[in-house]
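Enquirer: Below are the structure tokens for one structure; questions will follow.
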Amino acid sequence: MTSSARKSLLPSLALLAALATITAAGGERAGAQTARGAAERPNIVMVMTDDQTVGMLSKATMPKTVREIFGKGTDFRQTVITTPTCCPSRATFLTGQYAHNHGVLENDYGLLGDDTSTLPTWLEAAGYRTIHVGKYMNRYKRTRGARTIAPGWDRFDAALERYSYYEYSLRINGKTKRYAGEDEDYLTTVLNEYAVDEIEDAAPSKKPFYLQYMPYAPHIAPGDTKRCEKAAVPAPRDEKRFTDEKLPQPPAFNEADVSDKPSFIQGLKDLSAKKIADLERRYGCALASLREVDRGVGEIVDALDAAGELDSTVLLFVSDNGFFYGEHRIPDAKQNPYEETLRVPFAIRAPARYIGGAQAVNRVDTLVANIDVPATILELAGAAPCNRAGVCRTLDGRSLLPLVAGSTAGFPADRSFAVELRRIAQNAPILGGRACTYTGIRTPRYAYFHHTEALNPATRACEPVDDIEWYDLGEDPFQLESLDGAGPGSARAVTEAALAERTTRLADCAGIEGRDPLPPSGHWCE
């Protein structure tokens, strides 16, 4: 465990103080829910896709999700991922902490260290039945073993590496079940069935349940269809969907002039016609793969309704990060900190009684991040970020329930988020244009990043760079012109210095001022 991760784990005496962690951002509702008891707390279902961009969510691709969650819930239009790649992001959803506090700055579950104080163990301690279905975290099997159930889960129906849409194994509560390459073995269809079965098993109990359903789509994986080779693989019934879909080409696509960009982006060539055609093919496959996820969302809603639990359930939908399809000449991947990979679709459908009787607003434009999701779930559950042994974590995020109810109380007007990465591209494919290590921030108006390492495609190693890029998103939403390099004393130079100072302060922040003790770094998060 890293030293910062150790510092973020509190002793058992912090249990009562930790309850305040989930009430400060959302008033006194969390304490009130704790007093009401488990029977009146909601079930919570979170669906998380893998590498889904904001533009991939539409009525054409996911009509049931759009109707049942985004249409009947609160759509958070400005949601960012603080470390935009799989395992670090999922660790943040598991801990409510930045990667610099939970320790997972690379695709390795083993960096989490003490995994006995995480969202499922906190909910378990609060009396919830906890259920995981689908993808878990990179290198979990290597760290804990294929037959081990991750701490806190009553049911652990996990897809572990190697990931594939066909010919894979699931770990069903520690027992291995193998699937072949027939139509009925398609991964998302199988996972949909497990999610529905788990709801049907859990619903009759008076005990509330938490289900996180994490299909693999639209992530790239080995495929057995000519159309979707080395792409996301759609369900058999969707193989012909979106075959004529045009690749989105916003102003940042195949960016004409990258001389303002970091050195490792400047080295990228224009995308060739062949590469663009391949990206278009893969994009259509990704869209098609989401239709079976969408059916799963519909089946989950139907199962909750049939069990009489829909009005007692809060539904969340989110992606772990975005993805590049040629923006800024980046041919693939996700870890570079541009909007295409930082921003994700996110919505919460919450019945009025779980937000103080208020009518949920349909749209929120306040900047939020994945660090806020666990704090939100804990407030709904009336739970503290502490396991049964009293081992706690300090959350870096805030509950979003006030925003769902239409209030911005407790949210600083200029709240900003740290964005960070460390050596994630080491041993990556030989494609260029990949960041390795950076720190930065995303504010409601600006995006600022300092790169200290980038991938050398010739050596497949992360090598030192010293590149700064920043953008005024109000004036330049597609990040076409970095503002770095302004003359001393100019207004731009003053703004850049302020962003750099804020980056330094948030790079080791922990907790929230007025809610949590001052961290050893002396810096609270925002």
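Every chain in the structure tokens has a letter given in the order shown (A, B, ...), and although residue numbers restart at 1 in each chain, ligands are simply numbered from 1 in the order shown.
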Excluding Thr85 of chain A and residues on its chain fewer than 3 positions from it, collect all residues at most 8 Å away from it, counting only C-alpha atoms, and give them as JSON, numbers by chain.
Expert: {"A": [88, 89, 107, 320, 321, 334, 335]}
Enquirer: Hey, can you spit out that residue selection with N, CA and C atoms as an mmCIF file, in the first residue's frame?
Expert:
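Okay, out_36.cif is ready:
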```cif
data_model
loop_
_atom_site.group_PDB
_atom_site.id
_atom_site.type_symbol
_atom_site.label_atom_id
_atom_site.label_comp_id
_atom_site.auth_asym_id
_atom_site.auth_seq_id
_atom_site.Cartn_x
_atom_site.Cartn_y
_atom_site.Cartn_z
ATOM 1 N N PRO A 88 -7.918 2.337 -12.554
ATOM 2 C CA PRO A 88 -7.943 3.483 -11.645
ATOM 3 C C PRO A 88 -9.332 4.085 -11.467
ATOM 4 N N SER A 89 -10.084 4.193 -12.567
ATOM 5 C CA SER A 89 -11.431 4.742 -12.473
ATOM 6 C C SER A 89 -12.327 3.839 -11.638
ATOM 7 N N ASN A 107 -3.225 0.051 -14.248
ATOM 8 C CA ASN A 107 -4.218 -1.010 -14.396
ATOM 9 C C ASN A 107 -3.842 -2.237 -13.573
ATOM 10 N N ASP A 320 -17.034 3.956 -17.314
ATOM 11 C CA ASP A 320 -15.811 4.104 -16.521
ATOM 12 C C ASP A 320 -14.873 5.161 -17.086
ATOM 13 N N ASN A 321 -14.947 5.423 -18.377
ATOM 14 C CA ASN A 321 -14.179 6.493 -19.042
ATOM 15 C C ASN A 321 -14.637 6.566 -20.484
ATOM 16 N N LYS A 334 -7.337 5.790 -24.405
ATOM 17 C CA LYS A 334 -8.229 6.612 -23.593
ATOM 18 C C LYS A 334 -7.532 7.456 -22.547
ATOM 19 N N GLN A 335 -6.292 7.189 -22.220
ATOM 20 C CA GLN A 335 -5.716 7.807 -21.032
ATOM 21 C C GLN A 335 -5.313 9.267 -21.206
#
```
Enquirer: At a cut-off of 6 Å, using only C-alpha atoms, what residues contact segment 278-295 of chain A? Leave out same-chain residues fewer than 3 positions from it and give the result as a ChimeraX atom specification.
Expert: /A:61-62,64-65,217-218,228,231-234,238,241-243,245,247,275,298
Enquirer: Would you save the residues from that selection as a PDB file, in the first residue's frame, using C-alpha atoms?
Expert:
```pdb
ATOM      1  CA  THR A  61     -28.167   3.097 -29.546  1.00  0.00           C
ATOM      2  CA  MET A  62     -29.773   2.711 -26.100  1.00  0.00           C
ATOM      3  CA  LYS A  64     -34.475   1.875 -23.016  1.00  0.00           C
ATOM      4  CA  THR A  65     -31.620   3.405 -21.047  1.00  0.00           C
ATOM      5  CA  ALA A 217     -19.318  -3.460 -23.914  1.00  0.00           C
ATOM      6  CA  PRO A 218     -18.324  -1.388 -25.792  1.00  0.00           C
ATOM      7  CA  CYS A 228     -15.977  -6.626 -35.762  1.00  0.00           C
ATOM      8  CA  ALA A 231     -13.456  -4.288 -32.011  1.00  0.00           C
ATOM      9  CA  ALA A 232     -16.409  -4.463 -29.661  1.00  0.00           C
ATOM     10  CA  VAL A 233     -18.494  -7.482 -30.636  1.00  0.00           C
ATOM     11  CA  PRO A 234     -22.281  -7.041 -30.876  1.00  0.00           C
ATOM     12  CA  ASP A 238     -27.248  -6.936 -33.652  1.00  0.00           C
ATOM     13  CA  ARG A 241     -26.790  -2.759 -36.779  1.00  0.00           C
ATOM     14  CA  PHE A 242     -24.954   0.516 -37.449  1.00  0.00           C
ATOM     15  CA  THR A 243     -23.040  -0.922 -40.418  1.00  0.00           C
ATOM     16  CA  GLU A 245     -22.937   4.626 -39.259  1.00  0.00           C
ATOM     17  CA  LEU A 247     -17.743   8.217 -37.767  1.00  0.00           C
ATOM     18  CA  LYS A 275      -7.212   4.238 -40.648  1.00  0.00           C
ATOM     19  CA  GLY A 298     -34.751  -2.870 -19.760  1.00  0.00           C
TER      20      GLY A 298
END
```
Enquirer: Give me the residues near Pro477 of chain A as a list in words, where near means some atom within 12 Å (using only C-alpha atoms) and where sequence neighbours in that chain fewer than 4 positions away do not count.
Expert: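 Returned residues: Pro250, Pro251, Ala252, Tyr338, Glu339, Glu340, Pro444, Arg445, Tyr446, Ala447, Trp470, Tyr471, Asp472, Leu473, Glu481 and Ser482 of chain A.
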Enquirer: Export C-alpha atoms of the chosen residues as a short mmCIF file (atom, residue, chain, number, x, y, z; two decimals), in the first residue's frame?
Expert:
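Resulting contents of selection.cif:
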```cif
data_model
loop_
_atom_site.label_atom_id
_atom_site.label_comp_id
_atom_site.auth_asym_id
_atom_site.auth_seq_id
_atom_site.Cartn_x
_atom_site.Cartn_y
_atom_site.Cartn_z
CA PRO A 250 -15.96 17.08 -34.75
CA PRO A 251 -13.43 19.92 -35.17
CA ALA A 252 -10.86 17.99 -33.10
CA TYR A 338 -8.90 15.45 -23.42
CA GLU A 339 -12.66 15.85 -23.17
CA GLU A 340 -13.36 12.83 -25.37
CA PRO A 444 -15.85 24.36 -14.97
CA ARG A 445 -14.03 26.59 -17.49
CA TYR A 446 -10.44 25.38 -17.88
CA ALA A 447 -8.48 22.18 -18.47
CA TRP A 470 -4.23 24.17 -21.12
CA TYR A 471 -7.47 25.32 -22.67
CA ASP A 472 -10.29 27.77 -22.09
CA LEU A 473 -13.21 25.41 -22.70
CA GLU A 481 -5.38 25.73 -29.30
CA SER A 482 -3.34 25.32 -26.13
#
```
Enquirer: Could you list, as a list in words, every residue within 9 Å of Tyr166 of chain A, counting only C-alpha atoms and ignoring same-chain residues fewer than 5 positions away?
Expert: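 Neighbouring residues, sequence-local ones excluded: Tyr179, Ala180, Gly181, Glu182, Asp183, Asp185, Tyr186, Leu187, Pro222, Gly223 and Asp224 of chain A.
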Enquirer: Using only C-alpha atoms, find each residue in segment 68-179 of chain A having at least one atom no more than 12 Å away from segment 300-311 of chain A; report its shortest atom-to-atom pair and that distance in Å (one decimal), rows by chain then rising number, as a tab-separated table.
Expert:
```
residue	atom	partner	partner_atom	distance
A:Glu68	CA	A:Val301	CA	7.8
A:Ile69	CA	A:Val301	CA	9.4
A:Lys72	CA	A:Asp311	CA	12.0
```
Enquirer: Go ahead and write the residues just picked, C-alpha atoms, as a compact mmCIF listing (two decimals), in the first residue's frame.
Expert:
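This went into again_21.txt:
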```
# COMPACT_ATOMS: atom_id res chain seq x y z
CA GLU A 68 -35.91 4.66 -18.17
CA ILE A 69 -32.87 6.29 -16.54
CA LYS A 72 -36.99 9.62 -15.84
```
Enquirer: Select, from A:Tyr128, A:Val80, A:Ala360, A:Gly410, the residue with the minimum atom-to-atom distance to Arg442 of chain A, counting only C-alpha atoms.
Expert: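 Comparing A:Tyr128, A:Val80, A:Ala360, A:Gly410 against Arg442 of chain A, the winner is A:Val80.
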Enquirer: When you draw a straight line from atom CA of Gly487 of chain A to atom CA of Glu475 of chain A, how long is it in Å?
Expert: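 Going from atom CA of Gly487 of chain A over to atom CA of Glu475 of chain A covers 19.7 Å.
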Enquirer: Please identify which residues in segment 207-304 of chain A DSSP calls alpha helix (DSSP H) from the backbone, and express them as a ChimeraX atom specification.
Expert: /A:263-266,273-304
Enquirer: Nearest residue to Thr83 of chain A out of A:Pro208, A:Gly440, A:Gly55, A:Pro351, using only C-alpha atoms?
Expert: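 So, comparing all the options, the nearest one is A:Gly440.
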Enquirer: Using DSSP assignments from the backbone, pull out every residue in segment 112-314 of chain A that falls under strand (DSSP E or B) and give it to me as a ChimeraX atom specification.
Expert: /A:129-135,155-159,168-172,175-179,209-214,221,231,253,313-314
Enquirer: Take the residues from that selection and put them in a file with C-alpha atoms, as an mmCIF file, in the first residue's frame.
Expert:
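In the end it all went to part-v7.cif:
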```cif
data_model
loop_
_atom_site.group_PDB
_atom_site.id
_atom_site.type_symbol
_atom_site.label_atom_id
_atom_site.label_comp_id
_atom_site.auth_asym_id
_atom_site.auth_seq_id
_atom_site.Cartn_x
_atom_site.Cartn_y
_atom_site.Cartn_z
ATOM 1 C CA ARG A 129 -27.099 -7.386 0.408
ATOM 2 C CA THR A 130 -24.250 -6.678 -2.021
ATOM 3 C CA ILE A 131 -24.117 -8.068 -5.556
ATOM 4 C CA HIS A 132 -21.533 -7.702 -8.299
ATOM 5 C CA VAL A 133 -22.219 -8.898 -11.866
ATOM 6 C CA GLY A 134 -19.755 -8.464 -14.739
ATOM 7 C CA LYS A 135 -16.283 -7.050 -15.214
ATOM 8 C CA ARG A 155 -22.755 -12.457 -4.560
ATOM 9 C CA PHE A 156 -19.744 -12.126 -6.866
ATOM 10 C CA ASP A 157 -20.568 -13.106 -10.457
ATOM 11 C CA ALA A 158 -17.389 -11.786 -12.001
ATOM 12 C CA ALA A 159 -15.875 -11.681 -15.458
ATOM 13 C CA TYR A 168 -14.600 -16.982 -21.562
ATOM 14 C CA SER A 169 -14.976 -18.006 -17.932
ATOM 15 C CA LEU A 170 -17.091 -16.445 -15.196
ATOM 16 C CA ARG A 171 -16.371 -16.778 -11.489
ATOM 17 C CA ILE A 172 -19.742 -17.405 -9.893
ATOM 18 C CA LYS A 175 -16.589 -21.257 -8.784
ATOM 19 C CA THR A 176 -15.476 -21.220 -12.414
ATOM 20 C CA LYS A 177 -18.074 -21.601 -15.133
ATOM 21 C CA ARG A 178 -16.854 -21.767 -18.720
ATOM 22 C CA TYR A 179 -18.747 -20.573 -21.783
ATOM 23 C CA PHE A 209 -29.691 -4.645 -1.935
ATOM 24 C CA TYR A 210 -26.933 -2.980 -3.911
ATOM 25 C CA LEU A 211 -26.283 -4.363 -7.391
ATOM 26 C CA GLN A 212 -23.487 -3.123 -9.607
ATOM 27 C CA TYR A 213 -23.847 -4.462 -13.113
ATOM 28 C CA MET A 214 -20.747 -3.989 -15.258
ATOM 29 C CA ALA A 221 -11.952 -7.537 -27.436
ATOM 30 C CA ALA A 231 -13.456 -4.288 -32.011
ATOM 31 C CA PHE A 253 -11.027 14.965 -35.418
ATOM 32 C CA THR A 313 -34.860 1.513 -6.143
ATOM 33 C CA VAL A 314 -32.385 4.186 -7.195
#
```
Enquirer: Find the spatial neighbours of segment 136-145 of chain A, counting only C-alpha atoms, within a cut-off of 6 Å - ignore same-chain residues fewer than 5 positions away - and output them as a list in words.
Expert: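 Residues meeting the cut-off are Cys87, Asn107, Asp108, Tyr109 and Gly110 of chain A.
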Enquirer: For Leu94 of chain A, which residue among A:Gly382, A:Gly322, A:Pro402, A:Pro120 is the nearest when counting only C-alpha atoms?
Expert: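 Using only C-alpha atoms, Leu94 of chain A sits closest to A:Pro120.
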Enquirer: Counting only C-alpha atoms, which residue out of A:Arg353, A:Arg329, A:His523, A:Lys207 sits closest to Glu255 of chain A?
Expert: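 Between A:Arg353, A:Arg329, A:His523, A:Lys207, the residue approaching Glu255 of chain A most closely is A:Arg329.
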Enquirer: With only C-alpha atoms as the counted atoms, please give the residues lying no more than 9 Å from Asp332 of chain A, apart from itself and same-chain residues fewer than 2 positions off, as a compact mmCIF listing (two decimals) with C-alpha atoms, in the first residue's frame.
Expert:
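Wrote it out as around.txt, contents follow:
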```
# COMPACT_ATOMS: atom_id res chain seq x y z
CA LEU A 279 -12.12 3.62 -36.96
CA PHE A 323 -12.44 6.76 -25.67
CA PHE A 324 -10.72 8.31 -28.68
CA TYR A 325 -11.87 7.75 -32.25
CA GLY A 326 -9.36 9.94 -34.07
CA GLU A 327 -9.71 13.20 -32.12
CA ILE A 330 -5.15 9.90 -31.51
CA LYS A 334 -8.23 6.61 -23.59
CA LEU A 431 0.91 3.28 -31.41
```
